[in-house]
$ cat input.pdb   # PDB, C-alpha atoms
ATOM      1  CA  MET A1475       7.800   8.847 -19.920  1.00  0.00           C
ATOM      2  CA  SER A1476      11.194   8.167 -18.439  1.00  0.00           C
ATOM      3  CA  VAL A1477      11.794   5.073 -16.377  1.00  0.00           C
ATOM      4  CA  GLN A1478      12.579   7.246 -13.366  1.00  0.00           C
ATOM      5  CA  MET A1479       9.251   9.101 -13.614  1.00  0.00           C
ATOM      6  CA  VAL A1480       7.328   5.837 -13.832  1.00  0.00           C
ATOM      7  CA  LEU A1481       9.200   4.136 -11.001  1.00  0.00           C
ATOM      8  CA  LEU A1482       9.353   7.015  -8.510  1.00  0.00           C
ATOM      9  CA  PRO A1483       5.789   6.488  -7.181  1.00  0.00           C
ATOM     10  CA  VAL A1484       6.531   2.752  -6.952  1.00  0.00           C
ATOM     11  CA  PHE A1485       9.627   3.465  -4.847  1.00  0.00           C
ATOM     12  CA  VAL A1486       7.606   5.798  -2.618  1.00  0.00           C
ATOM     13  CA  GLN A1487       4.951   3.090  -2.115  1.00  0.00           C
ATOM     14  CA  VAL A1488       7.681   0.565  -1.285  1.00  0.00           C
ATOM     15  CA  GLY A1489       9.093   3.112   1.176  1.00  0.00           C
ATOM     16  CA  LEU A1490       5.713   3.318   2.900  1.00  0.00           C
ATOM     17  CA  THR A1491       5.652  -0.470   3.207  1.00  0.00           C
ATOM     18  CA  PHE A1492       9.116  -0.557   4.782  1.00  0.00           C
ATOM     19  CA  ALA A1493       8.244   2.333   7.119  1.00  0.00           C
ATOM     20  CA  LEU A1494       5.215   0.398   8.344  1.00  0.00           C
ATOM     21  CA  LEU A1495       7.318  -2.742   8.750  1.00  0.00           C
ATOM     22  CA  ILE A1496       9.832  -0.856  10.893  1.00  0.00           C
ATOM     23  CA  GLY A1497       7.008   0.776  12.858  1.00  0.00           C
ATOM     24  CA  MET A1498       5.454  -2.639  13.491  1.00  0.00           C
ATOM     25  CA  VAL A1499       8.761  -4.104  14.680  1.00  0.00           C
ATOM     26  CA  LEU A1500       9.372  -1.166  17.022  1.00  0.00           C
ATOM     27  CA  ALA A1501       5.830  -1.260  18.445  1.00  0.00           C
ATOM     28  CA  ARG A1502       6.044  -4.992  19.039  1.00  0.00           C
ATOM     29  CA  ARG A1503       9.500  -4.715  20.581  1.00  0.00           C
ATOM     30  CA  LYS A1504       8.252  -1.977  22.911  1.00  0.00           C
ATOM     31  CA  ALA A1505       5.321  -4.183  23.976  1.00  0.00           C
ATOM     32  CA  LEU A1506       7.678  -7.080  24.725  1.00  0.00           C
ATOM     33  CA  VAL A1507      10.318  -5.004  26.528  1.00  0.00           C
ATOM     34  CA  SER A1508       7.724  -3.237  28.686  1.00  0.00           C
ATOM     35  CA  GLY A1509       6.116  -6.552  29.603  1.00  0.00           C
ATOM     36  CA  GLU A1510       2.774  -5.486  28.173  1.00  0.00           C
ATOM     37  CA  THR A1511       2.950  -8.582  25.960  1.00  0.00           C
ATOM     38  CA  LYS A1512       4.561 -11.869  26.962  1.00  0.00           C
ATOM     39  CA  ILE A1513       6.309 -14.047  24.398  1.00  0.00           C
ATOM     40  CA  ARG A1514       4.209 -17.057  25.423  1.00  0.00           C
ATOM     41  CA  ASP A1515       1.091 -15.042  24.499  1.00  0.00           C
ATOM     42  CA  ILE A1516       2.195 -14.539  20.876  1.00  0.00           C
ATOM     43  CA  ALA A1517       4.590 -17.452  20.237  1.00  0.00           C
ATOM     44  CA  LEU A1518       2.131 -19.352  18.045  1.00  0.00           C
ATOM     45  CA  GLY A1519       0.816 -16.321  16.201  1.00  0.00           C
ATOM     46  CA  GLU A1520      -1.943 -15.509  18.670  1.00  0.00           C
ATOM     47  CA  PRO A1521      -3.326 -11.981  18.206  1.00  0.00           C
ATOM     48  CA  ASN A1522      -2.302 -10.734  21.649  1.00  0.00           C
ATOM     49  CA  TRP A1523      -0.443  -7.577  20.710  1.00  0.00           C
ATOM     50  CA  PRO A1524      -1.567  -4.230  22.141  1.00  0.00           C
ATOM     51  CA  LYS A1525      -3.923  -2.069  20.088  1.00  0.00           C
ATOM     52  CA  GLY A1526      -1.262   0.254  18.622  1.00  0.00           C
ATOM     53  CA  ALA A1527       1.012  -2.582  17.520  1.00  0.00           C
ATOM     54  CA  THR A1528      -1.976  -4.373  16.005  1.00  0.00           C
ATOM     55  CA  GLN A1529      -3.035  -1.274  14.058  1.00  0.00           C
ATOM     56  CA  ILE A1530       0.415  -0.878  12.541  1.00  0.00           C
ATOM     57  CA  ALA A1531       0.666  -4.610  11.780  1.00  0.00           C
ATOM     58  CA  ASN A1532      -2.741  -4.609  10.093  1.00  0.00           C
ATOM     59  CA  CYS A1533      -1.805  -1.543   8.049  1.00  0.00           C
ATOM     60  CA  TYR A1534       1.478  -3.188   7.041  1.00  0.00           C
ATOM     61  CA  ARG A1535      -0.351  -6.367   6.012  1.00  0.00           C
ATOM     62  CA  ASN A1536      -2.763  -4.218   3.998  1.00  0.00           C
ATOM     63  CA  GLN A1537       0.174  -3.114   1.813  1.00  0.00           C
ATOM     64  CA  TYR A1538       0.142  -6.622   0.317  1.00  0.00           C
ATOM     65  CA  GLU A1539      -3.442  -6.386  -0.852  1.00  0.00           C
ATOM     66  CA  LEU A1540      -4.459  -3.497  -3.139  1.00  0.00           C
ATOM     67  CA  PRO A1541      -0.901  -2.287  -3.900  1.00  0.00           C
ATOM     68  CA  VAL A1542      -0.103  -5.660  -5.478  1.00  0.00           C
ATOM     69  CA  LEU A1543      -2.419  -4.697  -8.363  1.00  0.00           C
ATOM     70  CA  PHE A1544      -0.560  -1.385  -8.634  1.00  0.00           C
ATOM     71  CA  TYR A1545       2.810  -3.120  -8.831  1.00  0.00           C
ATOM     72  CA  ALA A1546       1.491  -5.572 -11.426  1.00  0.00           C
ATOM     73  CA  LEU A1547       0.145  -2.745 -13.582  1.00  0.00           C
ATOM     74  CA  ILE A1548       3.434  -0.862 -13.565  1.00  0.00           C
ATOM     75  CA  ALA A1549       5.381  -4.083 -14.187  1.00  0.00           C
ATOM     76  CA  LEU A1550       3.258  -4.687 -17.283  1.00  0.00           C
ATOM     77  CA  ALA A1551       2.973  -1.103 -18.527  1.00  0.00           C
ATOM     78  CA  MET A1552       6.704  -0.374 -18.479  1.00  0.00           C
ATOM     79  CA  PRO A1553       8.067  -3.081 -20.787  1.00  0.00           C
ATOM     80  CA  LEU A1554       5.038  -2.730 -23.054  1.00  0.00           C
ATOM     81  CA  ARG A1555       5.733   1.016 -23.314  1.00  0.00           C
ATOM     82  CA  HIS A1556       2.286   2.053 -22.101  1.00  0.00           C
ATOM     83  CA  ALA A1557       3.406   3.886 -18.955  1.00  0.00           C
ATOM     84  CA  ASP A1558       2.439   7.348 -20.143  1.00  0.00           C
ATOM     85  CA  LEU A1559       1.627  10.626 -18.384  1.00  0.00           C
ATOM     86  CA  PHE A1560      -1.834   9.421 -17.317  1.00  0.00           C
ATOM     87  CA  ILE A1561      -0.368   6.312 -15.689  1.00  0.00           C
ATOM     88  CA  VAL A1562       2.305   8.327 -13.889  1.00  0.00           C
ATOM     89  CA  LEU A1563      -0.137  10.970 -12.624  1.00  0.00           C
ATOM     90  CA  MET A1564      -2.630   8.357 -11.464  1.00  0.00           C
ATOM     91  CA  SER A1565       0.222   6.432  -9.823  1.00  0.00           C
ATOM     92  CA  TRP A1566       0.947   9.479  -7.698  1.00  0.00           C
ATOM     93  CA  VAL A1567      -2.727   9.884  -6.825  1.00  0.00           C
ATOM     94  CA  PHE A1568      -2.874   6.209  -5.849  1.00  0.00           C
ATOM     95  CA  VAL A1569       0.246   6.498  -3.676  1.00  0.00           C
ATOM     96  CA  VAL A1570      -1.138   9.614  -1.969  1.00  0.00           C
ATOM     97  CA  THR A1571      -4.329   7.700  -1.129  1.00  0.00           C
ATOM     98  CA  ARG A1572      -2.209   4.874   0.313  1.00  0.00           C
ATOM     99  CA  PHE A1573      -0.323   7.337   2.532  1.00  0.00           C
ATOM    100  CA  ALA A1574      -3.592   8.923   3.662  1.00  0.00           C
ATOM    101  CA  HIS A1575      -5.063   5.479   4.320  1.00  0.00           C
ATOM    102  CA  ALA A1576      -2.004   4.424   6.330  1.00  0.00           C
ATOM    103  CA  GLY A1577      -1.995   7.679   8.286  1.00  0.00           C
ATOM    104  CA  ILE A1578      -5.609   7.226   9.311  1.00  0.00           C
ATOM    105  CA  PHE A1579      -5.096   3.505   9.964  1.00  0.00           C
ATOM    106  CA  VAL A1580      -2.208   3.954  12.429  1.00  0.00           C
ATOM    107  CA  SER A1581      -3.597   7.040  14.170  1.00  0.00           C
ATOM    108  CA  SER A1582      -7.319   7.567  14.757  1.00  0.00           C
ATOM    109  CA  ASN A1583      -8.319   4.471  12.765  1.00  0.00           C
ATOM    110  CA  ASP A1584     -11.575   6.258  11.940  1.00  0.00           C
ATOM    111  CA  LEU A1585     -13.242   3.573   9.837  1.00  0.00           C
ATOM    112  CA  GLY A1586     -15.432   6.024   7.921  1.00  0.00           C
ATOM    113  CA  ARG A1587     -12.513   8.198   6.810  1.00  0.00           C
ATOM    114  CA  ARG A1588     -10.259   5.201   6.260  1.00  0.00           C
ATOM    115  CA  SER A1589     -12.867   3.485   4.080  1.00  0.00           C
ATOM    116  CA  THR A1590     -13.444   6.634   2.025  1.00  0.00           C
ATOM    117  CA  VAL A1591      -9.734   7.053   1.317  1.00  0.00           C
ATOM    118  CA  TRP A1592      -9.383   3.332   0.580  1.00  0.00           C
ATOM    119  CA  LEU A1593     -12.265   3.511  -1.906  1.00  0.00           C
ATOM    120  CA  ALA A1594     -10.663   6.523  -3.589  1.00  0.00           C
ATOM    121  CA  GLY A1595      -7.492   4.466  -4.076  1.00  0.00           C
ATOM    122  CA  VAL A1596      -9.506   1.548  -5.436  1.00  0.00           C
ATOM    123  CA  LEU A1597     -11.263   3.794  -7.965  1.00  0.00           C
ATOM    124  CA  VAL A1598      -7.988   5.385  -9.079  1.00  0.00           C
ATOM    125  CA  LEU A1599      -6.394   1.976  -9.553  1.00  0.00           C
ATOM    126  CA  LEU A1600      -9.471   0.687 -11.372  1.00  0.00           C
ATOM    127  CA  ALA A1601      -9.312   3.674 -13.729  1.00  0.00           C
ATOM    128  CA  MET A1602      -5.634   2.941 -14.347  1.00  0.00           C
ATOM    129  CA  TRP A1603      -6.365  -0.696 -15.186  1.00  0.00           C
ATOM    130  CA  ILE A1604      -9.268   0.186 -17.478  1.00  0.00           C
ATOM    131  CA  TYR A1605      -7.130   2.787 -19.261  1.00  0.00           C
ATOM    132  CA  PHE A1606      -4.258   0.312 -19.636  1.00  0.00           C
ATOM    133  CA  ALA A1607      -6.562  -2.466 -20.869  1.00  0.00           C
ATOM    134  CA  LEU A1608      -8.157  -0.167 -23.441  1.00  0.00           C
ATOM    135  CA  LYS A1609      -4.755   0.969 -24.652  1.00  0.00           C
ATOM    136  CA  MET A1610      -3.585  -2.620 -24.985  1.00  0.00           C
ATOM    137  CA  LEU A1611      -6.702  -4.097 -26.533  1.00  0.00           C
ATOM    138  CA  LEU A1612      -7.718  -1.195 -28.750  1.00  0.00           C
ATOM    139  CA  LEU A1613      -4.204   0.069 -29.365  1.00  0.00           C
ATOM    140  CA  VAL A1614      -5.339   3.574 -28.450  1.00  0.00           C
TER
END

$ encode --input "input.pdb" --output "structure tokens"
Amino acid sequence: MSVQMVLLPVFVQVGLTFALLIGMVLARRKALVSGETKIRDIALGEPNWPKGATQIANCYRNQYELPVLFYALIALAMPLRHADLFIVLMSWVFVVTRFAHAGIFVSSNDLGRRSTVWLAGVLVLLAMWIYFALKMLLLV
């Protein structure tokens, strides 16, 4: 697989992370400008942001949990030349689950749907890691 094909889903996932960061900043700025939140109420990291800003912030923070294992896998698979079609296709499936998860998280925040999509992403990433480990250890 070409480097571009392998890295494109990574860039899309990074784009999601930056989009959530910008969304969080804008939501927090809006809360401060409108007076809904006072600086003294959040100056020491107190969780006093409005619900919408908190949802986006939590979703943004979530991008530094499960996706870290995705980044690590790609960072290992590329130089070891094990980033094949399966890895690329599953990367796209993983990224789609992350977008679905984020969409649910920042909108309805329906925990049942969000958890189902999150679990789908976990299972896809687990399959990718098992596949990669078998390829590395068994030289498949």

$ atom_distance --input "input.pdb" --atom1 "CA of Val1480 (chain A)" --atom2 "CA of Ala1493 (chain A)"
21.3 Å

$ axis_aligned_box --input "input.pdb" --around "region 1553-1566 of chain A" --padding-each-side "4 Å" --output "JSON"
{"center_x": 2.7, "center_y": 3.9, "center_z": -15.5, "size_x": 18.7, "size_y": 22.1, "size_z": 23.6}

$ resolve_selection --input "input.pdb" --expression "the PyMOL selection byres ((chain A and resi 1499-1509) around 10)" --output "PyMOL selection string"
chain A and resi 1493-1498+1510-1513+1523-1531

$ resolve_selection --input "input.pdb" --expression "the PyMOL selection byres ((chain A and resi 1553-1563) around 8)" --output "list in words"
Met1475, Met1479, Val1480, Pro1483, Ile1548, Ala1549, Leu1550, Ala1551, Met1552, Met1564, Ser1565, Trp1566, Val1567, Met1602, Phe1606 and Lys1609 of chain A

$ residues_around --input "input.pdb" --residues "Leu1543 (chain A)" --least-positions-apart "4" --cutoff "12 Å" --atoms "only C-alpha atoms" --output "ChimeraX atom specification"
/A:1484,1537-1539,1547-1550,1565,1568,1595-1596,1598-1600,1602-1603

$ closest_residue --input "input.pdb" --among "A:Leu1490, A:Val1591, A:Leu1540, A:Leu1482" --to "Thr1571 (chain A)" --atoms "all atoms listed in the file"
A:Val1591

$ closest_residue --input "input.pdb" --among "A:Ile1604, A:Ala1594, A:Gly1519, A:Val1486" --to "Tyr1545 (chain A)" --atoms "only C-alpha atoms"
A:Val1486

$ atom_distance --input "input.pdb" --atom1 "CA of Gln1478 (chain A)" --atom2 "CA of Val1570 (chain A)"
18.0 Å

$ atom_distance --input "input.pdb" --atom1 "CA of Ser1589 (chain A)" --atom2 "CA of Pro1521 (chain A)"
23.0 Å

$ closest_residue --input "input.pdb" --among "A:Leu1585, A:Val1488, A:Leu1518, A:Leu1593" --to "Val1542 (chain A)" --atoms "only C-alpha atoms"
A:Val1488

$ closest_residue --input "input.pdb" --among "A:Ala1546, A:Ala1574, A:Phe1492, A:Phe1579" --to "Cys1533 (chain A)" --atoms "only C-alpha atoms"
A:Phe1579

$ closest_residue --input "input.pdb" --among "A:Ile1516, A:Thr1491, A:Leu1481, A:Phe1544" --to "Ala1601 (chain A)" --atoms "only C-alpha atoms"
A:Phe1544

$ closest_residue --input "input.pdb" --among "A:Leu1608, A:Leu1597, A:Asn1536, A:Leu1613" --to "His1575 (chain A)" --atoms "only C-alpha atoms"
A:Asn1536

$ build_atoms --input "input.pdb" --residues "region 1571-1582 of chain A" --atoms "all heavy atoms" --output "PDB file, in the frame of the given file"
ATOM      1  N   THR A1571      -3.212   8.325  -1.859  1.00  0.00           N
ATOM      2  CA  THR A1571      -4.329   7.700  -1.129  1.00  0.00           C
ATOM      3  C   THR A1571      -3.819   6.618  -0.186  1.00  0.00           C
ATOM      4  O   THR A1571      -4.375   6.430   0.898  1.00  0.00           O
ATOM      5  CB  THR A1571      -5.403   7.103  -2.076  1.00  0.00           C
ATOM      6  OG1 THR A1571      -4.874   5.999  -2.804  1.00  0.00           O
ATOM      7  CG2 THR A1571      -5.975   8.159  -3.004  1.00  0.00           C
ATOM      8  N   ARG A1572      -2.768   5.913  -0.575  1.00  0.00           N
ATOM      9  CA  ARG A1572      -2.209   4.874   0.313  1.00  0.00           C
ATOM     10  C   ARG A1572      -1.576   5.502   1.558  1.00  0.00           C
ATOM     11  O   ARG A1572      -1.695   4.965   2.655  1.00  0.00           O
ATOM     12  CB  ARG A1572      -1.177   4.019  -0.424  1.00  0.00           C
ATOM     13  CG  ARG A1572      -1.706   3.234  -1.601  1.00  0.00           C
ATOM     14  CD  ARG A1572      -2.915   2.375  -1.275  1.00  0.00           C
ATOM     15  NE  ARG A1572      -2.596   1.432  -0.226  1.00  0.00           N
ATOM     16  CZ  ARG A1572      -3.497   0.789   0.519  1.00  0.00           C
ATOM     17  NH1 ARG A1572      -4.775   0.986   0.340  1.00  0.00           N
ATOM     18  NH2 ARG A1572      -3.107  -0.050   1.460  1.00  0.00           N
ATOM     19  N   PHE A1573      -0.894   6.651   1.382  1.00  0.00           N
ATOM     20  CA  PHE A1573      -0.323   7.337   2.532  1.00  0.00           C
ATOM     21  C   PHE A1573      -1.426   7.858   3.447  1.00  0.00           C
ATOM     22  O   PHE A1573      -1.330   7.745   4.675  1.00  0.00           O
ATOM     23  CB  PHE A1573       0.584   8.488   2.080  1.00  0.00           C
ATOM     24  CG  PHE A1573       2.021   8.089   1.938  1.00  0.00           C
ATOM     25  CD1 PHE A1573       2.462   7.457   0.785  1.00  0.00           C
ATOM     26  CD2 PHE A1573       2.944   8.344   2.934  1.00  0.00           C
ATOM     27  CE1 PHE A1573       3.785   7.078   0.638  1.00  0.00           C
ATOM     28  CE2 PHE A1573       4.263   7.971   2.808  1.00  0.00           C
ATOM     29  CZ  PHE A1573       4.693   7.336   1.653  1.00  0.00           C
ATOM     30  N   ALA A1574      -2.472   8.424   2.861  1.00  0.00           N
ATOM     31  CA  ALA A1574      -3.592   8.923   3.662  1.00  0.00           C
ATOM     32  C   ALA A1574      -4.252   7.763   4.407  1.00  0.00           C
ATOM     33  O   ALA A1574      -4.555   7.869   5.604  1.00  0.00           O
ATOM     34  CB  ALA A1574      -4.599   9.652   2.769  1.00  0.00           C
ATOM     35  N   HIS A1575      -4.463   6.662   3.711  1.00  0.00           N
ATOM     36  CA  HIS A1575      -5.063   5.479   4.320  1.00  0.00           C
ATOM     37  C   HIS A1575      -4.214   4.992   5.491  1.00  0.00           C
ATOM     38  O   HIS A1575      -4.726   4.717   6.584  1.00  0.00           O
ATOM     39  CB  HIS A1575      -5.211   4.383   3.254  1.00  0.00           C
ATOM     40  CG  HIS A1575      -5.795   3.116   3.761  1.00  0.00           C
ATOM     41  ND1 HIS A1575      -5.018   2.040   4.128  1.00  0.00           N
ATOM     42  CD2 HIS A1575      -7.082   2.739   3.955  1.00  0.00           C
ATOM     43  CE1 HIS A1575      -5.795   1.048   4.526  1.00  0.00           C
ATOM     44  NE2 HIS A1575      -7.064   1.449   4.430  1.00  0.00           N
ATOM     45  N   ALA A1576      -2.907   4.889   5.273  1.00  0.00           N
ATOM     46  CA  ALA A1576      -2.004   4.424   6.330  1.00  0.00           C
ATOM     47  C   ALA A1576      -1.993   5.398   7.505  1.00  0.00           C
ATOM     48  O   ALA A1576      -1.995   4.975   8.667  1.00  0.00           O
ATOM     49  CB  ALA A1576      -0.592   4.241   5.774  1.00  0.00           C
ATOM     50  N   GLY A1577      -1.993   6.687   7.212  1.00  0.00           N
ATOM     51  CA  GLY A1577      -1.995   7.679   8.286  1.00  0.00           C
ATOM     52  C   GLY A1577      -3.227   7.567   9.166  1.00  0.00           C
ATOM     53  O   GLY A1577      -3.136   7.636  10.401  1.00  0.00           O
ATOM     54  N   ILE A1578      -4.364   7.394   8.549  1.00  0.00           N
ATOM     55  CA  ILE A1578      -5.609   7.226   9.311  1.00  0.00           C
ATOM     56  C   ILE A1578      -5.574   5.898  10.063  1.00  0.00           C
ATOM     57  O   ILE A1578      -5.936   5.820  11.239  1.00  0.00           O
ATOM     58  CB  ILE A1578      -6.842   7.301   8.378  1.00  0.00           C
ATOM     59  CG1 ILE A1578      -6.957   8.690   7.759  1.00  0.00           C
ATOM     60  CG2 ILE A1578      -8.113   6.925   9.131  1.00  0.00           C
ATOM     61  CD1 ILE A1578      -7.911   8.775   6.571  1.00  0.00           C
ATOM     62  N   PHE A1579      -5.113   4.850   9.395  1.00  0.00           N
ATOM     63  CA  PHE A1579      -5.096   3.505   9.964  1.00  0.00           C
ATOM     64  C   PHE A1579      -4.287   3.462  11.262  1.00  0.00           C
ATOM     65  O   PHE A1579      -4.726   2.880  12.260  1.00  0.00           O
ATOM     66  CB  PHE A1579      -4.494   2.539   8.945  1.00  0.00           C
ATOM     67  CG  PHE A1579      -4.965   1.117   9.045  1.00  0.00           C
ATOM     68  CD1 PHE A1579      -5.245   0.408   7.893  1.00  0.00           C
ATOM     69  CD2 PHE A1579      -5.105   0.470  10.256  1.00  0.00           C
ATOM     70  CE1 PHE A1579      -5.673  -0.915   7.946  1.00  0.00           C
ATOM     71  CE2 PHE A1579      -5.534  -0.846  10.323  1.00  0.00           C
ATOM     72  CZ  PHE A1579      -5.813  -1.547   9.160  1.00  0.00           C
ATOM     73  N   VAL A1580      -3.095   4.064  11.263  1.00  0.00           N
ATOM     74  CA  VAL A1580      -2.208   3.954  12.429  1.00  0.00           C
ATOM     75  C   VAL A1580      -2.432   5.047  13.468  1.00  0.00           C
ATOM     76  O   VAL A1580      -1.822   5.014  14.533  1.00  0.00           O
ATOM     77  CB  VAL A1580      -0.714   3.913  12.013  1.00  0.00           C
ATOM     78  CG1 VAL A1580      -0.444   2.739  11.101  1.00  0.00           C
ATOM     79  CG2 VAL A1580      -0.264   5.210  11.403  1.00  0.00           C
ATOM     80  N   SER A1581      -3.331   5.994  13.179  1.00  0.00           N
ATOM     81  CA  SER A1581      -3.597   7.040  14.170  1.00  0.00           C
ATOM     82  C   SER A1581      -5.009   6.865  14.731  1.00  0.00           C
ATOM     83  O   SER A1581      -5.242   6.029  15.586  1.00  0.00           O
ATOM     84  CB  SER A1581      -3.376   8.431  13.570  1.00  0.00           C
ATOM     85  OG  SER A1581      -4.239   8.644  12.463  1.00  0.00           O
ATOM     86  N   SER A1582      -5.949   7.608  14.222  1.00  0.00           N
ATOM     87  CA  SER A1582      -7.319   7.567  14.757  1.00  0.00           C
ATOM     88  C   SER A1582      -8.040   6.270  14.402  1.00  0.00           C
ATOM     89  O   SER A1582      -8.948   5.854  15.113  1.00  0.00           O
ATOM     90  CB  SER A1582      -8.125   8.744  14.211  1.00  0.00           C
ATOM     91  OG  SER A1582      -8.382   8.575  12.823  1.00  0.00           O
TER      92      SER A1582
END
